[in-house]
Amino acid sequence: MIKQLKTLTVNMVAGANVATILLMVLAGYADRINPVEHPMLSCMGMTFPIFLIANMLFVFFWLTFKWRRVWIPIVGYIIVYGPLTLYMPLHLAQEEPKEGTIKIISYNVCTYGGNYKYEQGFETVYDYLSRQNADIACLQEDVDTWRRYVKNWYEKIYPYNDTVIFNPNDGAINGVGIHTRFPIIRRERIPYESHANGSVAYFLKVNKDTIIVINNHLEGTHLSNEERDRYKQMISGKMEKDTAKAETLYLFEKLGKYAAIRAPEAEAVHEFIEAHKEYPIIVCGDFNDNPISYAHRTIAKGLTDCYEATGKGIGLSYNQKGFYVRIDNILVSSHFEPYNCRIDNKMDASDHYPIICTLKMKDNP
């Protein structure tokens with residue numbers, strides 16, 4: 001009887017492990033799901049780390065009680081190797097070339113508000129960028145509604161500066177800017193419908209080459225502070241079970257709604273990239289979605305995700321409590337070799353951390 005009970009228990013745990021793996025696979029490959037068609041399912045990528053951890057618990061269980069079954073969770077990790085390395089790459093630091101490189105920073109500066117930590121928000125960001133000495137700084141929410149002297153200050157450290165305001169006649173002003181050592185030949189707004197977001201392609205002259213830098217700020221999640229607080233309570237286990245279920249459903253419905261809005265924005269950016277494939281292209285900015293998302297996968301088609309290729313760890317770029325995800329990106333065409341892409345989590349003057357990468361143009365892309 002005891003033997004039969006043990007067998008039953010082992011089989012039940014094995015079944016639970018297989019079910020966890022199936023959910024992990026669904027979450028890991030959720031970026032294949034178009035949110036316009038299946039909005040809630042497309043958001044499953046956000047749950048991927050939960051199932052990664054759950055599967056690891058099964059590893060410990062099998063090693064402790066039935067080591068011959070440890071192959072079950074290991075096979076699960078093999079199946080999701082692709083999304084696992086996208087979500088959490090593990091690379092050693094690289095030795096960078098001494099010459100001919102481009103240092104780029106992408107940073108959502110949160111309209112220079114200082115993240116409620118710095119009274120002089122703009123000055124804090126400006127001093128940081130001065131110290132970084134990057135060749136290209138792509139900024140999102142690059143607007144200063146109360147002083148309007150951003151451009152004058154940046155001209156002290158960058159000879160070429162441009163900011164595109166998406167909704168100049170609206171109170172919720174937003175825009176993207178580029179501040180660079182390279183001459184700006186022209187700029188082109190990538191056409192898609194959006195009230196307060198956008199993507200701008202800058203054509204830069206880099207030595208004898210013309211490169212395109214696309215700076216993006218895609219549609220946000222529009223979660224209120226109250227909704228964020230409820231989410232934090234839910235993941236911390238401080239919410240009743242029935243309430244947590246209802247809250248999860250509501251959260252996925254809302255996230256799916258805005259993921260569906262981001263989908264055509266991402267498709268427009270991808271179409272622009274495809275139409276300009278002859279140029280070396282750098283794509284950066286705030287995608288407002290996690291790495292395992294339709295928006296990220298669509299824009300990244302044919303490009304190298306610099307953090308996936310050279311970064312280490314999860315790379316959390318959105319730093320508000322309870323929402324630690326990498327939503328800021330630097331992607332490049334095959335013309336570039338990326339080095340040491342990283343998130344600078346010591347710079348906390350915004351609700352985002354900067355993402356930084358060194359690029360080297362290849363001789364024969």
# chains A, B, ... in the order shown; residues from 1 in each chain; ligands from 1
$ residues_around --residues "region 274-280 of chain A" --least-positions-apart "4" --cutoff "10 Å" --atoms "only C-alpha atoms" --output "MDAnalysis selection string"
chainID A and resid 203 209:213 268:270 301:302 332:336 361:362 365
$ residues_around --residues "Phe48 (chain A)" --least-positions-apart "5" --cutoff "8 Å" --atoms "only C-alpha atoms" --output "PyMOL selection string"
chain A and resi 24+27-28
$ select_by_dssp --residues "region 96-263 of chain A" --states "strand (DSSP E or B)" --output "mmCIF file with C-alpha atoms, in the first residue's frame"
data_model
loop_
_atom_site.group_PDB
_atom_site.id
_atom_site.type_symbol
_atom_site.label_atom_id
_atom_site.label_comp_id
_atom_site.auth_asym_id
_atom_site.auth_seq_id
_atom_site.Cartn_x
_atom_site.Cartn_y
_atom_site.Cartn_z
ATOM 1 C CA THR A 101 34.010 51.966 -32.249
ATOM 2 C CA ILE A 102 30.740 53.760 -31.562
ATOM 3 C CA LYS A 103 29.430 54.038 -28.030
ATOM 4 C CA ILE A 104 25.648 54.368 -27.852
ATOM 5 C CA ILE A 105 23.271 54.992 -24.962
ATOM 6 C CA SER A 106 19.506 54.622 -25.028
ATOM 7 C CA TYR A 107 17.743 56.157 -22.052
ATOM 8 C CA ASN A 108 14.144 57.030 -21.203
ATOM 9 C CA ILE A 136 25.245 58.719 -29.758
ATOM 10 C CA ALA A 137 22.660 59.303 -27.033
ATOM 11 C CA CYS A 138 19.102 58.294 -27.945
ATOM 12 C CA LEU A 139 16.675 59.653 -25.384
ATOM 13 C CA GLN A 140 12.978 58.969 -24.919
ATOM 14 C CA TYR A 160 24.399 67.727 -33.331
ATOM 15 C CA ASN A 161 21.063 67.621 -31.515
ATOM 16 C CA ASP A 162 17.473 67.054 -32.527
ATOM 17 C CA THR A 163 14.245 66.292 -30.657
ATOM 18 C CA VAL A 164 10.902 65.358 -32.211
ATOM 19 C CA ILE A 165 7.828 66.201 -30.129
ATOM 20 C CA GLY A 175 9.083 62.989 -27.765
ATOM 21 C CA VAL A 176 12.378 61.347 -28.666
ATOM 22 C CA GLY A 177 15.724 63.004 -29.207
ATOM 23 C CA ILE A 178 19.178 62.254 -30.481
ATOM 24 C CA HIS A 179 22.379 63.935 -29.299
ATOM 25 C CA THR A 180 25.449 62.907 -31.242
ATOM 26 C CA ILE A 184 22.520 64.575 -38.825
ATOM 27 C CA ILE A 185 21.789 64.408 -42.574
ATOM 28 C CA ARG A 186 18.022 64.218 -42.160
ATOM 29 C CA ARG A 187 15.282 62.665 -40.067
ATOM 30 C CA GLU A 188 12.139 60.748 -40.993
ATOM 31 C CA ARG A 189 9.132 60.002 -38.829
ATOM 32 C CA GLY A 198 6.384 57.495 -32.130
ATOM 33 C CA SER A 199 9.510 56.317 -33.920
ATOM 34 C CA VAL A 200 12.002 58.556 -35.690
ATOM 35 C CA ALA A 201 14.744 57.486 -38.103
ATOM 36 C CA TYR A 202 17.846 59.668 -38.086
ATOM 37 C CA PHE A 203 20.289 59.465 -40.981
ATOM 38 C CA LEU A 204 23.784 60.150 -39.632
ATOM 39 C CA LYS A 205 27.081 60.685 -41.434
ATOM 40 C CA VAL A 206 29.701 58.456 -39.802
ATOM 41 C CA ASP A 209 29.148 55.924 -44.297
ATOM 42 C CA THR A 210 25.525 56.891 -43.785
ATOM 43 C CA ILE A 211 23.882 54.980 -40.944
ATOM 44 C CA ILE A 212 20.304 55.024 -39.705
ATOM 45 C CA VAL A 213 19.489 55.290 -36.019
ATOM 46 C CA ILE A 214 15.833 54.588 -35.192
ATOM 47 C CA ASN A 215 14.714 55.913 -31.818
ATOM 48 C CA ASN A 216 11.438 54.479 -30.498
ATOM 49 C CA HIS A 217 8.910 55.103 -27.787
#
$ closest_residue --among "A:Phe166, A:Tyr87, A:Tyr258, A:Trp153" --to "Ile327 (chain A)" --atoms "only C-alpha atoms"
A:Tyr87
$ closest_atom_pairs --of "region 211-313 of chain A" --to "region 93-100 of chain A" --cutoff "10 Å" --atoms "only C-alpha atoms" --output "JSON lines"
{"residue": "A:Thr310", "atom": "CA", "partner": "A:Ala93", "partner_atom": "CA", "distance": 7.8}
{"residue": "A:Gly311", "atom": "CA", "partner": "A:Ala93", "partner_atom": "CA", "distance": 8.2}
{"residue": "A:Lys312", "atom": "CA", "partner": "A:Ala93", "partner_atom": "CA", "distance": 8.5}
$ write_last_selection --atoms "N, CA and C atoms" --output "mmCIF file, in the first residue's frame"
data_model
loop_
_atom_site.group_PDB
_atom_site.id
_atom_site.type_symbol
_atom_site.label_atom_id
_atom_site.label_comp_id
_atom_site.auth_asym_id
_atom_site.auth_seq_id
_atom_site.Cartn_x
_atom_site.Cartn_y
_atom_site.Cartn_z
ATOM 1 N N THR A 310 25.449 39.924 -26.092
ATOM 2 C CA THR A 310 26.663 40.237 -25.316
ATOM 3 C C THR A 310 26.396 40.548 -23.847
ATOM 4 N N GLY A 311 25.130 40.589 -23.430
ATOM 5 C CA GLY A 311 24.812 40.974 -22.062
ATOM 6 C C GLY A 311 24.905 39.834 -21.066
ATOM 7 N N LYS A 312 24.656 40.159 -19.818
ATOM 8 C CA LYS A 312 24.724 39.154 -18.751
ATOM 9 C C LYS A 312 23.591 39.391 -17.762
#
$ residues_around --residues "Phe65 (chain A)" --least-positions-apart "6" --cutoff "12 Å" --atoms "only C-alpha atoms" --output "NGL selection string"
:A and (6-7 or 9-10 or 13-14 or 58-59)
$ select_by_dssp --residues "region 21-151 of chain A" --states "helix (DSSP H, G or I)" --output "PDB file with N, CA and C atoms, in the first residue's frame"
ATOM      1  N   ILE A  21       5.982  22.597 -17.475  1.00  0.00           N
ATOM      2  CA  ILE A  21       6.807  22.746 -18.677  1.00  0.00           C
ATOM      3  C   ILE A  21       5.971  23.230 -19.853  1.00  0.00           C
ATOM      4  N   LEU A  22       4.774  22.695 -19.997  1.00  0.00           N
ATOM      5  CA  LEU A  22       3.901  23.124 -21.096  1.00  0.00           C
ATOM      6  C   LEU A  22       3.573  24.618 -20.983  1.00  0.00           C
ATOM      7  N   LEU A  23       3.302  25.068 -19.760  1.00  0.00           N
ATOM      8  CA  LEU A  23       3.031  26.494 -19.548  1.00  0.00           C
ATOM      9  C   LEU A  23       4.287  27.326 -19.789  1.00  0.00           C
ATOM     10  N   MET A  24       5.439  26.787 -19.411  1.00  0.00           N
ATOM     11  CA  MET A  24       6.709  27.483 -19.628  1.00  0.00           C
ATOM     12  C   MET A  24       6.981  27.635 -21.122  1.00  0.00           C
ATOM     13  N   VAL A  25       6.673  26.595 -21.887  1.00  0.00           N
ATOM     14  CA  VAL A  25       6.854  26.652 -23.340  1.00  0.00           C
ATOM     15  C   VAL A  25       5.904  27.685 -23.952  1.00  0.00           C
ATOM     16  N   LEU A  26       4.649  27.669 -23.504  1.00  0.00           N
ATOM     17  CA  LEU A  26       3.682  28.646 -24.005  1.00  0.00           C
ATOM     18  C   LEU A  26       4.150  30.069 -23.709  1.00  0.00           C
ATOM     19  N   ALA A  27       4.633  30.288 -22.481  1.00  0.00           N
ATOM     20  CA  ALA A  27       5.111  31.616 -22.115  1.00  0.00           C
ATOM     21  C   ALA A  27       6.370  31.983 -22.895  1.00  0.00           C
ATOM     22  N   GLY A  28       7.274  31.021 -23.068  1.00  0.00           N
ATOM     23  CA  GLY A  28       8.541  31.288 -23.735  1.00  0.00           C
ATOM     24  C   GLY A  28       8.405  31.621 -25.204  1.00  0.00           C
ATOM     25  N   ALA A  30       5.491  32.912 -26.504  1.00  0.00           N
ATOM     26  CA  ALA A  30       4.310  33.766 -26.647  1.00  0.00           C
ATOM     27  C   ALA A  30       4.552  34.928 -27.598  1.00  0.00           C
ATOM     28  N   ASP A  31       5.828  35.218 -27.897  1.00  0.00           N
ATOM     29  CA  ASP A  31       6.108  36.321 -28.821  1.00  0.00           C
ATOM     30  C   ASP A  31       5.705  35.994 -30.252  1.00  0.00           C
ATOM     31  N   ARG A  32       5.332  34.732 -30.517  1.00  0.00           N
ATOM     32  CA  ARG A  32       4.815  34.347 -31.838  1.00  0.00           C
ATOM     33  C   ARG A  32       3.336  34.665 -31.985  1.00  0.00           C
ATOM     34  N   PRO A  39      -5.001  38.874 -27.646  1.00  0.00           N
ATOM     35  CA  PRO A  39      -4.324  39.825 -26.753  1.00  0.00           C
ATOM     36  C   PRO A  39      -3.860  39.244 -25.432  1.00  0.00           C
ATOM     37  N   MET A  40      -4.697  38.444 -24.770  1.00  0.00           N
ATOM     38  CA  MET A  40      -4.313  37.939 -23.457  1.00  0.00           C
ATOM     39  C   MET A  40      -3.218  36.883 -23.554  1.00  0.00           C
ATOM     40  N   LEU A  41      -3.332  35.966 -24.523  1.00  0.00           N
ATOM     41  CA  LEU A  41      -2.316  34.930 -24.684  1.00  0.00           C
ATOM     42  C   LEU A  41      -0.958  35.536 -25.035  1.00  0.00           C
ATOM     43  N   SER A  42      -0.977  36.623 -25.795  1.00  0.00           N
ATOM     44  CA  SER A  42       0.283  37.242 -26.218  1.00  0.00           C
ATOM     45  C   SER A  42       1.073  37.795 -25.049  1.00  0.00           C
ATOM     46  N   CYS A  43       0.410  38.017 -23.911  1.00  0.00           N
ATOM     47  CA  CYS A  43       1.086  38.573 -22.729  1.00  0.00           C
ATOM     48  C   CYS A  43       1.698  37.496 -21.843  1.00  0.00           C
ATOM     49  N   MET A  44       1.593  36.235 -22.247  1.00  0.00           N
ATOM     50  CA  MET A  44       2.123  35.145 -21.430  1.00  0.00           C
ATOM     51  C   MET A  44       3.620  35.242 -21.217  1.00  0.00           C
ATOM     52  N   GLY A  45       4.317  35.950 -22.095  1.00  0.00           N
ATOM     53  CA  GLY A  45       5.761  36.094 -21.947  1.00  0.00           C
ATOM     54  C   GLY A  45       6.156  36.715 -20.621  1.00  0.00           C
ATOM     55  N   MET A  46       5.261  37.530 -20.046  1.00  0.00           N
ATOM     56  CA  MET A  46       5.555  38.146 -18.756  1.00  0.00           C
ATOM     57  C   MET A  46       5.646  37.116 -17.633  1.00  0.00           C
ATOM     58  N   THR A  47       5.003  35.969 -17.820  1.00  0.00           N
ATOM     59  CA  THR A  47       5.004  34.933 -16.782  1.00  0.00           C
ATOM     60  C   THR A  47       6.166  33.955 -16.928  1.00  0.00           C
ATOM     61  N   PHE A  48       6.972  34.111 -17.960  1.00  0.00           N
ATOM     62  CA  PHE A  48       8.057  33.169 -18.232  1.00  0.00           C
ATOM     63  C   PHE A  48       8.975  32.945 -17.033  1.00  0.00           C
ATOM     64  N   PRO A  49       9.427  33.993 -16.350  1.00  0.00           N
ATOM     65  CA  PRO A  49      10.321  33.747 -15.196  1.00  0.00           C
ATOM     66  C   PRO A  49       9.657  32.966 -14.075  1.00  0.00           C
ATOM     67  N   ILE A  50       8.346  33.091 -13.935  1.00  0.00           N
ATOM     68  CA  ILE A  50       7.634  32.337 -12.890  1.00  0.00           C
ATOM     69  C   ILE A  50       7.763  30.841 -13.145  1.00  0.00           C
ATOM     70  N   PHE A  51       7.573  30.440 -14.398  1.00  0.00           N
ATOM     71  CA  PHE A  51       7.653  29.016 -14.734  1.00  0.00           C
ATOM     72  C   PHE A  51       9.091  28.517 -14.759  1.00  0.00           C
ATOM     73  N   LEU A  52      10.036  29.396 -15.058  1.00  0.00           N
ATOM     74  CA  LEU A  52      11.445  29.013 -14.952  1.00  0.00           C
ATOM     75  C   LEU A  52      11.785  28.620 -13.517  1.00  0.00           C
ATOM     76  N   ILE A  53      11.313  29.433 -12.579  1.00  0.00           N
ATOM     77  CA  ILE A  53      11.585  29.160 -11.162  1.00  0.00           C
ATOM     78  C   ILE A  53      10.848  27.905 -10.709  1.00  0.00           C
ATOM     79  N   ALA A  54       9.586  27.778 -11.135  1.00  0.00           N
ATOM     80  CA  ALA A  54       8.809  26.595 -10.753  1.00  0.00           C
ATOM     81  C   ALA A  54       9.475  25.321 -11.254  1.00  0.00           C
ATOM     82  N   ASN A  55       9.974  25.355 -12.476  1.00  0.00           N
ATOM     83  CA  ASN A  55      10.637  24.178 -13.032  1.00  0.00           C
ATOM     84  C   ASN A  55      11.919  23.854 -12.273  1.00  0.00           C
ATOM     85  N   MET A  56      12.608  24.884 -11.797  1.00  0.00           N
ATOM     86  CA  MET A  56      13.819  24.658 -11.006  1.00  0.00           C
ATOM     87  C   MET A  56      13.497  23.970  -9.687  1.00  0.00           C
ATOM     88  N   LEU A  57      12.339  24.290  -9.116  1.00  0.00           N
ATOM     89  CA  LEU A  57      11.928  23.627  -7.885  1.00  0.00           C
ATOM     90  C   LEU A  57      11.732  22.130  -8.111  1.00  0.00           C
ATOM     91  N   PHE A  58      11.247  21.781  -9.305  1.00  0.00           N
ATOM     92  CA  PHE A  58      11.104  20.363  -9.634  1.00  0.00           C
ATOM     93  C   PHE A  58      12.476  19.692  -9.764  1.00  0.00           C
ATOM     94  N   VAL A  59      13.455  20.418 -10.264  1.00  0.00           N
ATOM     95  CA  VAL A  59      14.821  19.873 -10.333  1.00  0.00           C
ATOM     96  C   VAL A  59      15.288  19.467  -8.942  1.00  0.00           C
ATOM     97  N   PHE A  60      15.098  20.385  -7.981  1.00  0.00           N
ATOM     98  CA  PHE A  60      15.511  20.084  -6.606  1.00  0.00           C
ATOM     99  C   PHE A  60      14.716  18.904  -6.028  1.00  0.00           C
ATOM    100  N   PHE A  61      13.422  18.855  -6.353  1.00  0.00           N
ATOM    101  CA  PHE A  61      12.595  17.760  -5.850  1.00  0.00           C
ATOM    102  C   PHE A  61      13.105  16.413  -6.356  1.00  0.00           C
ATOM    103  N   TRP A  62      13.329  16.326  -7.679  1.00  0.00           N
ATOM    104  CA  TRP A  62      13.747  15.042  -8.245  1.00  0.00           C
ATOM    105  C   TRP A  62      15.134  14.646  -7.742  1.00  0.00           C
ATOM    106  N   LEU A  63      16.039  15.594  -7.597  1.00  0.00           N
ATOM    107  CA  LEU A  63      17.372  15.277  -7.094  1.00  0.00           C
ATOM    108  C   LEU A  63      17.313  14.763  -5.664  1.00  0.00           C
ATOM    109  N   THR A  64      16.312  15.210  -4.928  1.00  0.00           N
ATOM    110  CA  THR A  64      16.186  14.804  -3.526  1.00  0.00           C
ATOM    111  C   THR A  64      15.475  13.464  -3.368  1.00  0.00           C
ATOM    112  N   PHE A  65      14.415  13.259  -4.164  1.00  0.00           N
ATOM    113  CA  PHE A  65      13.550  12.092  -3.925  1.00  0.00           C
ATOM    114  C   PHE A  65      13.578  11.037  -5.034  1.00  0.00           C
ATOM    115  N   TRP A  67      16.032  10.853  -8.290  1.00  0.00           N
ATOM    116  CA  TRP A  67      16.960  11.529  -9.186  1.00  0.00           C
ATOM    117  C   TRP A  67      16.837  11.084 -10.637  1.00  0.00           C
ATOM    118  N   ARG A  68      16.344   9.864 -10.874  1.00  0.00           N
ATOM    119  CA  ARG A  68      16.224   9.397 -12.257  1.00  0.00           C
ATOM    120  C   ARG A  68      15.186  10.192 -13.061  1.00  0.00           C
ATOM    121  N   ARG A  69      14.301  10.915 -12.362  1.00  0.00           N
ATOM    122  CA  ARG A  69      13.270  11.708 -13.043  1.00  0.00           C
ATOM    123  C   ARG A  69      13.723  13.152 -13.311  1.00  0.00           C
ATOM    124  N   VAL A  70      14.953  13.474 -12.947  1.00  0.00           N
ATOM    125  CA  VAL A  70      15.409  14.848 -13.119  1.00  0.00           C
ATOM    126  C   VAL A  70      15.480  15.239 -14.596  1.00  0.00           C
ATOM    127  N   TRP A  71      15.439  14.229 -15.471  1.00  0.00           N
ATOM    128  CA  TRP A  71      15.472  14.525 -16.900  1.00  0.00           C
ATOM    129  C   TRP A  71      14.238  15.318 -17.349  1.00  0.00           C
ATOM    130  N   ILE A  72      13.150  15.211 -16.599  1.00  0.00           N
ATOM    131  CA  ILE A  72      11.909  15.892 -17.008  1.00  0.00           C
ATOM    132  C   ILE A  72      12.098  17.417 -17.029  1.00  0.00           C
ATOM    133  N   PRO A  73      12.490  18.052 -15.911  1.00  0.00           N
ATOM    134  CA  PRO A  73      12.685  19.501 -15.969  1.00  0.00           C
ATOM    135  C   PRO A  73      13.856  19.917 -16.859  1.00  0.00           C
ATOM    136  N   ILE A  74      14.884  19.055 -16.974  1.00  0.00           N
ATOM    137  CA  ILE A  74      16.023  19.393 -17.833  1.00  0.00           C
ATOM    138  C   ILE A  74      15.580  19.467 -19.292  1.00  0.00           C
ATOM    139  N   VAL A  75      14.753  18.519 -19.717  1.00  0.00           N
ATOM    140  CA  VAL A  75      14.209  18.562 -21.076  1.00  0.00           C
ATOM    141  C   VAL A  75      13.395  19.831 -21.280  1.00  0.00           C
ATOM    142  N   GLY A  76      12.667  20.232 -20.234  1.00  0.00           N
ATOM    143  CA  GLY A  76      11.899  21.472 -20.311  1.00  0.00           C
ATOM    144  C   GLY A  76      12.790  22.669 -20.592  1.00  0.00           C
ATOM    145  N   TYR A  77      13.920  22.755 -19.906  1.00  0.00           N
ATOM    146  CA  TYR A  77      14.846  23.868 -20.132  1.00  0.00           C
ATOM    147  C   TYR A  77      15.461  23.811 -21.529  1.00  0.00           C
ATOM    148  N   ILE A  78      15.715  22.608 -22.018  1.00  0.00           N
ATOM    149  CA  ILE A  78      16.257  22.475 -23.381  1.00  0.00           C
ATOM    150  C   ILE A  78      15.257  23.009 -24.406  1.00  0.00           C
ATOM    151  N   ILE A  79      13.979  22.703 -24.205  1.00  0.00           N
ATOM    152  CA  ILE A  79      12.945  23.148 -25.145  1.00  0.00           C
ATOM    153  C   ILE A  79      12.862  24.674 -25.203  1.00  0.00           C
ATOM    154  N   TYR A  81      15.312  26.793 -24.560  1.00  0.00           N
ATOM    155  CA  TYR A  81      16.656  27.369 -24.565  1.00  0.00           C
ATOM    156  C   TYR A  81      16.685  28.717 -25.279  1.00  0.00           C
ATOM    157  N   GLY A  82      15.983  28.814 -26.403  1.00  0.00           N
ATOM    158  CA  GLY A  82      15.963  30.062 -27.164  1.00  0.00           C
ATOM    159  C   GLY A  82      15.423  31.230 -26.361  1.00  0.00           C
ATOM    160  N   PRO A  83      14.177  31.151 -25.876  1.00  0.00           N
ATOM    161  CA  PRO A  83      13.663  32.260 -25.069  1.00  0.00           C
ATOM    162  C   PRO A  83      14.420  32.465 -23.760  1.00  0.00           C
ATOM    163  N   LEU A  84      15.008  31.394 -23.217  1.00  0.00           N
ATOM    164  CA  LEU A  84      15.778  31.530 -21.977  1.00  0.00           C
ATOM    165  C   LEU A  84      17.005  32.406 -22.197  1.00  0.00           C
ATOM    166  N   THR A  85      17.728  32.185 -23.305  1.00  0.00           N
ATOM    167  CA  THR A  85      18.919  32.983 -23.588  1.00  0.00           C
ATOM    168  C   THR A  85      18.555  34.399 -24.019  1.00  0.00           C
ATOM    169  N   LEU A  86      17.343  34.587 -24.536  1.00  0.00           N
ATOM    170  CA  LEU A  86      16.871  35.937 -24.853  1.00  0.00           C
ATOM    171  C   LEU A  86      16.522  36.686 -23.575  1.00  0.00           C
ATOM    172  N   TYR A  87      15.851  35.994 -22.674  1.00  0.00           N
ATOM    173  CA  TYR A  87      15.410  36.633 -21.434  1.00  0.00           C
ATOM    174  C   TYR A  87      16.571  36.859 -20.472  1.00  0.00           C
ATOM    175  N   CYS A 110      12.327  60.105 -18.615  1.00  0.00           N
ATOM    176  CA  CYS A 110      11.117  60.405 -17.829  1.00  0.00           C
ATOM    177  C   CYS A 110      10.903  61.921 -17.689  1.00  0.00           C
ATOM    178  N   THR A 111      11.034  62.631 -18.834  1.00  0.00           N
ATOM    179  CA  THR A 111      10.880  64.093 -18.920  1.00  0.00           C
ATOM    180  C   THR A 111      11.729  64.827 -17.877  1.00  0.00           C
ATOM    181  N   TYR A 112      12.838  64.216 -17.523  1.00  0.00           N
ATOM    182  CA  TYR A 112      13.798  64.829 -16.604  1.00  0.00           C
ATOM    183  C   TYR A 112      13.175  65.141 -15.237  1.00  0.00           C
ATOM    184  N   GLY A 114      13.524  63.410 -12.549  1.00  0.00           N
ATOM    185  CA  GLY A 114      14.385  63.014 -11.432  1.00  0.00           C
ATOM    186  C   GLY A 114      13.917  61.797 -10.678  1.00  0.00           C
ATOM    187  N   ASN A 115      12.847  61.133 -11.164  1.00  0.00           N
ATOM    188  CA  ASN A 115      12.344  59.922 -10.516  1.00  0.00           C
ATOM    189  C   ASN A 115      11.995  60.162  -9.047  1.00  0.00           C
ATOM    190  N   TYR A 116      11.582  61.374  -8.725  1.00  0.00           N
ATOM    191  CA  TYR A 116      11.206  61.771  -7.360  1.00  0.00           C
ATOM    192  C   TYR A 116      12.373  61.638  -6.376  1.00  0.00           C
ATOM    193  N   GLY A 121      16.574  67.195 -11.846  1.00  0.00           N
ATOM    194  CA  GLY A 121      16.537  66.001 -12.688  1.00  0.00           C
ATOM    195  C   GLY A 121      17.307  66.162 -13.980  1.00  0.00           C
ATOM    196  N   PHE A 122      17.104  67.273 -14.678  1.00  0.00           N
ATOM    197  CA  PHE A 122      17.809  67.467 -15.947  1.00  0.00           C
ATOM    198  C   PHE A 122      19.314  67.525 -15.732  1.00  0.00           C
ATOM    199  N   GLU A 123      19.742  68.303 -14.751  1.00  0.00           N
ATOM    200  CA  GLU A 123      21.171  68.432 -14.493  1.00  0.00           C
ATOM    201  C   GLU A 123      21.803  67.089 -14.156  1.00  0.00           C
ATOM    202  N   THR A 124      21.064  66.234 -13.429  1.00  0.00           N
ATOM    203  CA  THR A 124      21.584  64.913 -13.071  1.00  0.00           C
ATOM    204  C   THR A 124      21.802  64.060 -14.315  1.00  0.00           C
ATOM    205  N   VAL A 125      20.827  64.077 -15.226  1.00  0.00           N
ATOM    206  CA  VAL A 125      20.957  63.317 -16.473  1.00  0.00           C
ATOM    207  C   VAL A 125      22.059  63.907 -17.347  1.00  0.00           C
ATOM    208  N   TYR A 126      22.096  65.225 -17.439  1.00  0.00           N
ATOM    209  CA  TYR A 126      23.103  65.902 -18.256  1.00  0.00           C
ATOM    210  C   TYR A 126      24.520  65.576 -17.771  1.00  0.00           C
ATOM    211  N   ASP A 127      24.741  65.641 -16.468  1.00  0.00           N
ATOM    212  CA  ASP A 127      26.059  65.324 -15.918  1.00  0.00           C
ATOM    213  C   ASP A 127      26.433  63.873 -16.194  1.00  0.00           C
ATOM    214  N   TYR A 128      25.447  62.982 -16.099  1.00  0.00           N
ATOM    215  CA  TYR A 128      25.695  61.561 -16.367  1.00  0.00           C
ATOM    216  C   TYR A 128      26.128  61.353 -17.813  1.00  0.00           C
ATOM    217  N   LEU A 129      25.395  61.956 -18.749  1.00  0.00           N
ATOM    218  CA  LEU A 129      25.735  61.799 -20.159  1.00  0.00           C
ATOM    219  C   LEU A 129      27.089  62.430 -20.467  1.00  0.00           C
ATOM    220  N   SER A 130      27.416  63.515 -19.796  1.00  0.00           N
ATOM    221  CA  SER A 130      28.729  64.139 -19.986  1.00  0.00           C
ATOM    222  C   SER A 130      29.843  63.175 -19.585  1.00  0.00           C
ATOM    223  N   ARG A 131      29.631  62.473 -18.471  1.00  0.00           N
ATOM    224  CA  ARG A 131      30.653  61.527 -17.999  1.00  0.00           C
ATOM    225  C   ARG A 131      30.752  60.293 -18.888  1.00  0.00           C
ATOM    226  N   GLN A 132      29.639  59.866 -19.439  1.00  0.00           N
ATOM    227  CA  GLN A 132      29.636  58.663 -20.267  1.00  0.00           C
ATOM    228  C   GLN A 132      30.384  58.866 -21.582  1.00  0.00           C
ATOM    229  N   VAL A 150      16.737  72.375 -22.879  1.00  0.00           N
ATOM    230  CA  VAL A 150      17.460  71.119 -23.077  1.00  0.00           C
ATOM    231  C   VAL A 150      18.481  71.240 -24.216  1.00  0.00           C
ATOM    232  N   LYS A 151      18.017  71.698 -25.351  1.00  0.00           N
ATOM    233  CA  LYS A 151      18.888  71.749 -26.531  1.00  0.00           C
ATOM    234  C   LYS A 151      20.109  72.628 -26.276  1.00  0.00           C
TER     235      LYS A 151
END
